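**Q** What follows is final.pdb, made up of PDB, C-alpha atoms:
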```pdb
ATOM      1  CA  MET N   1     -40.770 -10.086  11.544
ATOM      2  CA  THR N   2     -37.799 -10.627  13.849
ATOM      3  CA  ARG N   3     -38.917 -10.789  17.481
ATOM      4  CA  GLY N   4     -36.919 -10.233  20.640
ATOM      5  CA  LYS N   5     -36.971  -9.848  24.422
ATOM      6  CA  ILE N   6     -34.661  -8.036  26.821
ATOM      7  CA  ILE N   7     -33.940 -10.082  29.949
ATOM      8  CA  TYR N   8     -32.277  -8.465  32.949
ATOM      9  CA  ILE N   9     -30.698 -10.046  36.042
ATOM     10  CA  ASP N  10     -30.404  -7.463  38.812
ATOM     11  CA  ARG N  11     -27.873  -7.213  41.637
ATOM     12  CA  ASN N  12     -30.027  -9.402  43.894
ATOM     13  CA  GLY N  13     -30.410 -12.146  41.321
ATOM     14  CA  LYS N  14     -33.989 -11.320  40.382
ATOM     15  CA  VAL N  15     -34.738 -11.869  36.704
ATOM     16  CA  PHE N  16     -37.003  -9.668  34.608
ATOM     17  CA  SER N  17     -38.124  -9.917  31.002
ATOM     18  CA  SER N  18     -39.564  -7.365  28.636
ATOM     19  CA  VAL N  19     -42.521  -8.181  26.443
ATOM     20  CA  GLU N  20     -41.728  -9.690  23.077
ATOM     21  CA  PHE N  21     -40.982  -6.822  20.707
ATOM     22  CA  ASN N  22     -42.049  -7.768  17.191
ATOM     23  CA  GLY N  23     -39.955  -6.347  14.375
ATOM     24  CA  ASP N  24     -36.253  -5.748  13.598
ATOM     25  CA  MET N  25     -34.997  -7.176  16.882
ATOM     26  CA  TYR N  26     -31.826  -8.621  15.365
ATOM     27  CA  PRO N  27     -28.443  -7.291  16.633
ATOM     28  CA  ASP N  28     -27.888  -4.995  13.642
ATOM     29  CA  GLY N  29     -31.489  -3.729  13.723
ATOM     30  CA  ASN N  30     -33.358  -2.026  16.531
ATOM     31  CA  ALA N  31     -31.489  -4.132  19.082
ATOM     32  CA  ASP N  32     -28.204  -2.395  18.300
ATOM     33  CA  ARG N  33     -29.373   0.199  20.824
ATOM     34  CA  ILE N  34     -29.394  -2.491  23.527
ATOM     35  CA  LEU N  35     -25.801  -3.451  22.728
ATOM     36  CA  GLU N  36     -24.696   0.184  22.583
ATOM     37  CA  MET N  37     -26.193   0.918  25.988
ATOM     38  CA  PHE N  38     -24.717  -2.212  27.547
ATOM     39  CA  GLU N  39     -21.232  -1.423  26.293
ATOM     40  CA  ALA N  40     -21.602   2.102  27.678
ATOM     41  CA  GLY N  41     -22.202   0.580  31.125
ATOM     42  CA  LEU N  42     -25.619   2.076  31.599
ATOM     43  CA  PHE N  43     -27.640  -0.971  32.685
ATOM     44  CA  SER N  44     -26.180  -0.453  36.154
ATOM     45  CA  ASN N  45     -29.501  -0.866  38.006
ATOM     46  CA  TYR N  46     -33.095  -1.940  37.470
ATOM     47  CA  SER N  47     -34.331   1.658  37.136
ATOM     48  CA  ASN N  48     -32.073   2.196  34.119
ATOM     49  CA  TYR N  49     -33.269  -1.070  32.587
ATOM     50  CA  GLU N  50     -36.908  -0.128  33.146
ATOM     51  CA  SER N  51     -36.414   3.366  31.714
ATOM     52  CA  PHE N  52     -34.692   1.932  28.669
ATOM     53  CA  VAL N  53     -37.482  -0.581  27.974
ATOM     54  CA  ILE N  54     -40.112   2.173  28.241
ATOM     55  CA  ARG N  55     -38.247   4.495  25.860
ATOM     56  CA  PHE N  56     -37.307   1.657  23.499
ATOM     57  CA  ASN N  57     -40.968   0.703  23.231
ATOM     58  CA  LYS N  58     -42.029   4.296  22.705
ATOM     59  CA  SER N  59     -39.429   4.837  19.960
ATOM     60  CA  HIS N  60     -40.098   1.659  17.968
ATOM     61  CA  TYR N  61     -43.323  -0.142  18.918
ATOM     62  CA  GLY N  62     -45.847   1.819  20.954
ATOM     63  CA  TYR N  63     -47.261  -1.154  22.875
ATOM     64  CA  GLU N  64     -49.733  -0.204  25.591
ATOM     65  CA  GLU N  65     -49.544  -3.450  27.576
ATOM     66  CA  GLU N  66     -47.390  -4.035  30.651
ATOM     67  CA  LEU N  67     -43.832  -3.971  29.351
ATOM     68  CA  ILE N  68     -41.894  -5.846  32.056
ATOM     69  CA  HIS N  69     -42.672  -8.920  34.113
ATOM     70  CA  GLN N  70     -40.679 -11.122  36.466
ATOM     71  CA  PHE N  71     -39.036 -14.103  34.814
ATOM     72  CA  SER N  72     -39.130 -17.433  36.679
ATOM     73  CA  CYS N  73     -36.211 -19.875  36.563
ATOM     74  CA  LYS N  74     -36.638 -23.598  37.211
ATOM     75  CA  GLU N  75     -33.059 -23.881  38.485
ATOM     76  CA  GLU N  76     -31.068 -21.435  40.566
ATOM     77  CA  ARG N  77     -28.938 -19.090  38.452
ATOM     78  CA  VAL N  78     -29.886 -20.926  35.236
ATOM     79  CA  ILE N  79     -31.673 -19.446  32.225
ATOM     80  CA  ASP N  80     -33.116 -22.350  30.220
ATOM     81  CA  VAL N  81     -33.641 -21.499  26.528
ATOM     82  CA  THR N  82     -34.076 -25.053  25.229
ATOM     83  CA  GLU N  83     -37.733 -24.336  24.470
ATOM     84  CA  ASN N  84     -37.412 -20.672  23.526
ATOM     85  CA  ARG N  85     -39.495 -19.614  20.511
ATOM     86  CA  THR N  86     -38.438 -15.965  20.326
ATOM     87  CA  ASP N  87     -35.956 -15.087  17.558
ATOM     88  CA  TYR N  88     -33.575 -13.251  19.885
ATOM     89  CA  LEU N  89     -33.074 -12.976  23.633
ATOM     90  CA  TYR N  90     -30.738 -10.318  25.010
ATOM     91  CA  ILE N  91     -29.781 -11.495  28.514
ATOM     92  CA  ILE N  92     -27.990  -8.951  30.706
ATOM     93  CA  ASN N  93     -26.307 -10.216  33.871
ATOM     94  CA  ASN N  94     -25.887  -7.311  36.275
ATOM     95  CA  SER N  95     -25.627  -9.548  39.332
ATOM     96  CA  ASP N  96     -22.390 -10.292  41.171
ATOM     97  CA  CYS N  97     -22.630 -14.009  40.341
ATOM     98  CA  GLU N  98     -21.967 -16.150  37.310
ATOM     99  CA  TRP N  99     -25.112 -17.550  35.672
ATOM    100  CA  ILE N 100     -25.634 -20.372  33.204
ATOM    101  CA  ILE N 101     -27.558 -20.316  29.952
ATOM    102  CA  LYS N 102     -28.768 -23.809  29.093
ATOM    103  CA  ASP N 103     -29.327 -24.268  25.364
ATOM    104  CA  GLN N 104     -29.547 -27.156  22.881
ATOM    105  CA  ASN N 105     -25.765 -27.506  22.820
ATOM    106  CA  GLY N 106     -25.360 -27.740  26.586
ATOM    107  CA  THR N 107     -24.446 -24.879  28.897
ATOM    108  CA  SER N 108     -22.712 -21.536  28.513
ATOM    109  CA  PHE N 109     -21.425 -19.398  31.354
ATOM    110  CA  LEU N 110     -22.852 -15.895  31.616
ATOM    111  CA  ASP N 111     -20.304 -13.973  33.654
ATOM    112  CA  LYS N 112     -21.239 -10.946  35.724
ATOM    113  CA  ARG N 113     -21.431  -7.730  33.691
ATOM    114  CA  THR N 114     -21.976  -9.798  30.549
ATOM    115  CA  LEU N 115     -24.658  -9.763  27.860
ATOM    116  CA  GLY N 116     -25.601 -13.029  26.202
ATOM    117  CA  ILE N 117     -27.306 -13.073  22.810
ATOM    118  CA  VAL N 118     -29.518 -16.125  22.237
ATOM    119  CA  ARG N 119     -31.012 -16.961  18.857
ATOM    120  CA  PHE N 120     -33.918 -19.347  19.313
ATOM    121  CA  GLN N 121     -32.422 -22.208  21.410
ATOM    122  CA  GLN N 122     -28.729 -21.460  20.935
ATOM    123  CA  VAL N 123     -26.283 -18.993  22.461
ATOM    124  CA  GLU N 124     -24.945 -16.932  19.580
ATOM    125  CA  ARG N 125     -22.554 -14.537  21.290
ATOM    126  CA  MET N 126     -21.318 -13.213  24.636
ATOM    127  CA  ILE N 127     -20.360  -9.579  25.131
ATOM    128  CA  HIS N 128     -18.181  -8.788  28.140
ATOM    129  CA  ARG N 129     -18.028  -5.247  29.438
ATOM    130  CA  VAL N 130     -14.523  -4.300  30.508
ATOM    131  CA  LEU N 131     -14.270  -1.966  33.498
ATOM    132  CA  HIS N 132     -11.258   0.326  33.433
ATOM    133  CA  GLU N 133     -10.409   1.116  37.027
ATOM    134  CA  ASN N 134      -7.766   3.689  36.114
ATOM    135  CA  ALA N 135      -9.821   5.451  33.470
ATOM    136  CA  LYS N 136      -9.671   9.221  33.552
ATOM    137  CA  GLU N 137     -12.625  11.022  35.017
ATOM    138  CA  PHE N 138     -15.141  12.284  32.515
ATOM    139  CA  SER N 139     -14.874  15.958  31.750
ATOM    140  CA  ALA N 140     -17.917  17.512  30.130
ATOM    141  CA  SER N 141     -17.119  19.468  26.963
ATOM    142  CA  ILE N 142     -20.043  21.770  27.642
ATOM    143  CA  SER N 143     -20.315  23.896  30.758
ATOM    144  CA  LYS N 144     -23.272  23.849  33.112
ATOM    145  CA  GLU N 145     -24.152  27.441  32.171
ATOM    146  CA  GLU N 146     -24.120  26.592  28.447
ATOM    147  CA  PHE N 147     -26.244  23.487  29.001
ATOM    148  CA  VAL N 148     -28.830  25.374  31.084
ATOM    149  CA  ASP N 149     -28.968  28.174  28.498
ATOM    150  CA  ILE N 150     -29.592  25.701  25.654
ATOM    151  CA  MET N 151     -32.335  23.985  27.649
ATOM    152  CA  SER N 152     -33.938  27.340  28.388
ATOM    153  CA  ARG N 153     -33.933  28.263  24.699
ATOM    154  CA  LEU N 154     -35.412  24.901  23.694
ATOM    155  CA  ARG N 155     -38.131  25.248  26.336
ATOM    156  CA  GLU N 156     -38.990  28.781  25.160
ATOM    157  CA  ALA N 157     -39.161  27.591  21.541
ATOM    158  CA  SER N 158     -41.415  24.687  22.545
ATOM    159  CA  ASP N 159     -43.697  26.985  24.540
ATOM    160  CA  LEU N 160     -43.903  29.360  21.578
ATOM    161  CA  VAL N 161     -44.922  26.516  19.269
ATOM    162  CA  ASP N 162     -47.687  25.515  21.688
ATOM    163  CA  LYS N 163     -48.982  29.096  21.809
ATOM    164  CA  VAL N 164     -48.926  29.479  18.030
ATOM    165  CA  ASP N 165     -50.709  26.141  17.595
ATOM    166  CA  GLU N 166     -53.365  27.297  20.030
ATOM    167  CA  LEU N 167     -53.847  30.539  18.094
ATOM    168  CA  PHE N 168     -54.295  28.632  14.852
ATOM    169  CA  ARG N 169     -56.807  26.285  16.457
ATOM    170  CA  LYS N 170     -58.868  29.215  17.698
ATOM    171  CA  SER N 171     -58.684  31.198  14.469
ATOM    172  CA  ARG N 172     -61.827  30.776  12.331
ATOM    173  CA  ASP N 173     -59.861  31.943   9.290
ATOM    174  CA  ASN N 174     -57.454  29.025   9.549
ATOM    175  CA  VAL N 175     -59.848  26.174  10.297
ATOM    176  CA  GLU N 176     -59.308  24.647   6.868
ATOM    177  CA  CYS N 177     -55.595  25.392   6.594
ATOM    178  CA  ASP N 178     -54.021  22.105   7.581
ATOM    179  CA  PHE N 179     -50.541  23.416   6.840
ATOM    180  CA  CYS N 180     -50.860  26.214   9.406
ATOM    181  CA  ASN N 181     -49.197  24.953  12.528
ATOM    182  CA  GLY N 182     -46.601  26.154  14.969
ATOM    183  CA  ALA N 183     -44.243  23.264  14.331
ATOM    184  CA  GLY N 184     -43.812  24.534  10.792
ATOM    185  CA  LEU N 185     -42.535  27.814  12.193
ATOM    186  CA  GLN N 186     -40.032  26.281  14.575
ATOM    187  CA  ILE N 187     -36.505  26.650  13.194
ATOM    188  CA  SER N 188     -34.537  25.613  16.274
ATOM    189  CA  HIS N 189     -33.804  22.113  14.879
ATOM    190  CA  GLU N 190     -34.652  20.664  18.263
ATOM    191  CA  SER N 191     -33.930  17.012  17.468
ATOM    192  CA  THR N 192     -30.435  17.843  16.194
ATOM    193  CA  VAL N 193     -29.672  19.925  19.283
ATOM    194  CA  VAL N 194     -30.843  17.144  21.590
ATOM    195  CA  PHE N 195     -28.770  14.596  19.661
ATOM    196  CA  LEU N 196     -25.634  16.717  20.023
ATOM    197  CA  LEU N 197     -26.238  17.267  23.747
ATOM    198  CA  ARG N 198     -26.585  13.508  24.172
ATOM    199  CA  LYS N 199     -23.242  12.966  22.462
ATOM    200  CA  LEU N 200     -21.453  15.727  24.390
ATOM    201  CA  LEU N 201     -22.629  14.433  27.756
ATOM    202  CA  LYS N 202     -22.415  10.716  26.857
ATOM    203  CA  ASP N 203     -26.094  10.299  27.670
ATOM    204  CA  ALA N 204     -26.670   6.841  26.161
ATOM    205  CA  VAL N 205     -29.647   6.276  28.485
ATOM    206  CA  GLU N 206     -31.390   9.318  26.937
ATOM    207  CA  ASN N 207     -32.059  11.102  30.219
ATOM    208  CA  ILE N 208     -32.042  14.386  28.285
ATOM    209  CA  ASP N 209     -34.898  13.173  26.054
ATOM    210  CA  TYR N 210     -36.781  12.015  29.148
ATOM    211  CA  PHE N 211     -36.294  15.416  30.832
ATOM    212  CA  ILE N 212     -37.553  17.289  27.756
ATOM    213  CA  TYR N 213     -40.346  15.120  26.391
ATOM    214  CA  GLU N 214     -41.654  13.146  29.352
ATOM    215  CA  LEU N 215     -41.038  15.646  32.148
ATOM    216  CA  ASP N 216     -41.704  18.780  30.033
ATOM    217  CA  TYR N 217     -38.342  20.338  30.937
ATOM    218  CA  GLY N 218     -38.720  19.210  34.548
ATOM    219  CA  ARG N 219     -42.096  20.847  35.054
ATOM    220  CA  LYS N 220     -43.821  17.468  35.437
ATOM    221  CA  TYR N 221     -41.198  16.013  37.768
ATOM    222  CA  GLU N 222     -42.376  14.712  41.133
ATOM    223  CA  PRO N 223     -40.281  13.162  43.924
ATOM    224  CA  GLY N 224     -40.136   9.390  43.636
ATOM    225  CA  MET N 225     -40.435   9.282  39.849
ATOM    226  CA  ILE N 226     -36.738   8.459  39.395
ATOM    227  CA  THR N 227     -34.628   6.596  41.933
ATOM    228  CA  ASP N 228     -31.166   5.069  42.113
ATOM    229  CA  LYS N 229     -30.338   1.466  43.011
ATOM    230  CA  ASN N 230     -30.684   2.309  46.715
ATOM    231  CA  GLY N 231     -34.126   3.860  46.273
ATOM    232  CA  ALA N 232     -32.935   7.443  46.730
ATOM    233  CA  ASP N 233     -34.577  10.145  44.624
ATOM    234  CA  ILE N 234     -32.840  11.441  41.504
ATOM    235  CA  ASP N 235     -34.014  15.013  41.029
ATOM    236  CA  PHE N 236     -34.740  15.984  37.411
ATOM    237  CA  SER N 237     -36.775  19.074  38.275
ATOM    238  CA  THR N 238     -34.379  21.553  36.630
ATOM    239  CA  ALA N 239     -31.776  21.604  33.867
ATOM    240  CA  GLU N 240     -29.107  22.410  36.491
ATOM    241  CA  LYS N 241     -29.903  19.233  38.443
ATOM    242  CA  LEU N 242     -30.039  17.166  35.275
ATOM    243  CA  TYR N 243     -26.575  18.429  34.308
ATOM    244  CA  ASP N 244     -25.185  17.608  37.757
ATOM    245  CA  TYR N 245     -26.584  14.087  37.476
ATOM    246  CA  LEU N 246     -25.245  13.521  33.955
ATOM    247  CA  THR N 247     -21.735  14.695  34.749
ATOM    248  CA  GLY N 248     -21.654  12.682  37.965
ATOM    249  CA  GLU N 249     -23.186   9.493  36.537
ATOM    250  CA  VAL N 250     -20.421   8.872  34.017
ATOM    251  CA  LYS N 251     -17.431   9.384  36.283
TER     252      LYS N 251
END
```
Give the structure from the file, written as structure tokens.

**A**
Amino acid sequence: MTRGKIIYIDRNGKVFSSVEFNGDMYPDGNADRILEMFEAGLFSNYSNYESFVIRFNKSHYGYEEELIHQFSCKEERVIDVTENRTDYLYIINNSDCEWIIKDQNGTSFLDKRTLGIVRFQQVERMIHRVLHENAKEFSASISKEEFVDIMSRLREASDLVDKVDELFRKSRDNVECDFCNGAGLQISHESTVVFLLRKLLKDAVENIDYFIYELDYGRKYEPGMITDKNGADIDFSTAEKLYDYLTGEVK
């Protein structure tokens, strides 16, 4: 089983590490999602890193332990991997300073906005994220009204499934009919719709999934649950506010 950890250096130089995920943590396995997100520029603050680790765990591993802990460095701005026993380390430098990775071959420079891939005690690869200052502003290919309407339809379909499931559970005639469930009646192809919305709005962080599945279409949202790098609230209470955030985040 290929093991791996996700290490994150924040803007203030604090270092955090995920738990060791056990299974398919090589770059072309489950960890390809880490590389995809990094290249999309969406590890821009600790909150995004934390959200990613939580969703990554939920999608692939289901660990119930504490997922993130602070990582201590013996030397300032140095990550020492000379005694590392984990198959892969994915080290993301989101600070404004250059760091050093010390491995068995010596030292490698981890520039700001760079991801270093370490295999056991050796640096295997560095991935630099290029920032295009003159890039055109993102223009959503789906309007706010269309997005809100799709979310409303998905929510109604989900609510209907819950009601049908409840009816089956209460029906004495269907107690032994394991195949009788509301999900079997749902023909909205929810996962495909969510996938397409993610692609249209360039939502590599999967905020749409979080809004639907964790926040129950915003109905479970409470102030303080989601914050930006300055600690300000990010409001995911409605589909309209989610859309505004998504279209503003990628500009």

**Q** I need the output of the PyMOL selection byres ((chain N and resi 80) around 12) for this file as an MDAnalysis selection string; which residues are they?

**A** chainID N and resid 71:79 81:85 89 91 99:108 118 120:123

**Q** Could you tell me which of N:Ile7, N:Ile117, N:Cys97, N:Ile226 comes closest to Tyr26 in chain N if we count all atoms listed in the file?

**A**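 Looking only at the distances to Tyr26 in chain N, the closest residue turns out to be N:Ile117.
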
**Q** Just so the selection is clear, what residues does the PyMOL selection byres ((chain N and resi 193) around 12) cover here, as a PyMOL selection string?

**A** chain N and resi 147+150-151+153-154+187-192+194-200+208-209+212

**Q** Go through N:Glu145, N:Asp235, N:Asp111, N:Asp24 and flag the residue nearest Asp96 in chain N, using all atoms listed in the file for the distances.

**A**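 Closest to Asp96 in chain N, using all atoms listed in the file: N:Asp111.
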
**Q** Just so the selection is clear, what residues does the PyMOL selection byres ((chain N and resi 227) around 12) cover here, as a short mmCIF file (atom, residue, chain, number, x, y, z; two decimals) with C-alpha atoms, keeping the file's coordinate frame?

**A**
```cif
data_model
loop_
_atom_site.label_atom_id
_atom_site.label_comp_id
_atom_site.auth_asym_id
_atom_site.auth_seq_id
_atom_site.Cartn_x
_atom_site.Cartn_y
_atom_site.Cartn_z
CA ASN N 45 -29.50 -0.87 38.01
CA TYR N 46 -33.10 -1.94 37.47
CA SER N 47 -34.33 1.66 37.14
CA ASN N 48 -32.07 2.20 34.12
CA GLU N 50 -36.91 -0.13 33.15
CA SER N 51 -36.41 3.37 31.71
CA GLU N 222 -42.38 14.71 41.13
CA PRO N 223 -40.28 13.16 43.92
CA GLY N 224 -40.14 9.39 43.64
CA MET N 225 -40.44 9.28 39.85
CA ILE N 226 -36.74 8.46 39.40
CA ASP N 228 -31.17 5.07 42.11
CA LYS N 229 -30.34 1.47 43.01
CA ASN N 230 -30.68 2.31 46.72
CA GLY N 231 -34.13 3.86 46.27
CA ALA N 232 -32.94 7.44 46.73
CA ASP N 233 -34.58 10.14 44.62
CA ILE N 234 -32.84 11.44 41.50
CA ASP N 235 -34.01 15.01 41.03
CA PHE N 236 -34.74 15.98 37.41
CA TYR N 245 -26.58 14.09 37.48
#
```

**Q** Provide the CA of Phe21 in chain N to CA of Arg3 in chain N distance in Å, to one decimal place.

**A**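 We find that CA of Phe21 in chain N and CA of Arg3 in chain N lie 5.5 Å from each other.
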
**Q** Glu20 in chain N: which residues within 8 Å, counting all atoms listed in the file, same-chain residues fewer than 4 positions away excluded, as a PyMOL selection string?

**A** chain N and resi 3-5+86

**Q** Quote the spacing between CA of Gly248 in chain N and CA of Ile127 in chain N in Å to one decimal place.

**A** 25.7 Å

**Q** Let me make sure I understand: among N:Lys202, N:Leu242, N:Asp162, N:Ile9, which one has the smallest atom-to-atom distance to Leu215 in chain N if we use only C-alpha atoms?

**A**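 That would be N:Leu242, the residue with the smallest distance to Leu215 in chain N.
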
**Q** Need the neighbours of (-30.4, 6.3, 29.8): which residues are at most 7 Å away, counting only C-alpha atoms, as a VMD selection string?

**A** chain N and resid 42 48 51 to 52 203 to 207

**Q** Looking at N:Glu39, N:Glu124, N:Glu66, N:Asp216, which one is nearest to Asp159 in chain N, with distances taken over only C-alpha atoms?

**A**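 The answer is N:Asp216, which sits nearest to Asp159 in chain N.
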
**Q** Do you know which residues are at most 9 Å from His69 in chain N counting only C-alpha atoms, after dropping those on the same chain fewer than 3 positions away, and could you put them as a list in words?

**A**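 Within the cut-off, the hits are Val15, Phe16, Ser17, Ser18, Val19 and Glu66 of chain N.
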
**Q** Suppose you want the space between CA of Ala31 in chain N and CA of Arg113 in chain N; what is it in Å?

**A**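 Distance reported for this atom pair: 18.1 Å.
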
**Q** Measuring atom to atom with all atoms listed in the file, identify which of N:Ile6, N:Arg33, N:Lys14, N:Ile92 is nearest to Leu67 in chain N.

**A**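 The closest residue to Leu67 in chain N is N:Ile6.
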
**Q** Looking at N:Arg125, N:Lys144, N:His60, N:Lys241, which one is nearest to Met25 in chain N, with distances taken over all atoms listed in the file?

**A**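 Going through N:Arg125, N:Lys144, N:His60, N:Lys241 one by one, the smallest distance to Met25 in chain N is for N:His60.
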
**Q** Box in all listed atoms of range 207-217 of chain N, axis-aligned, with 6 Å more on each side; write out centre and edge lengths in Å to one decimal as AutoDock Vina command-line options.

**A**
```
--center_x -36.9 --center_y 15.7 --center_z 29.1 --size_x 21.7 --size_y 21.2 --size_z 18.1
```
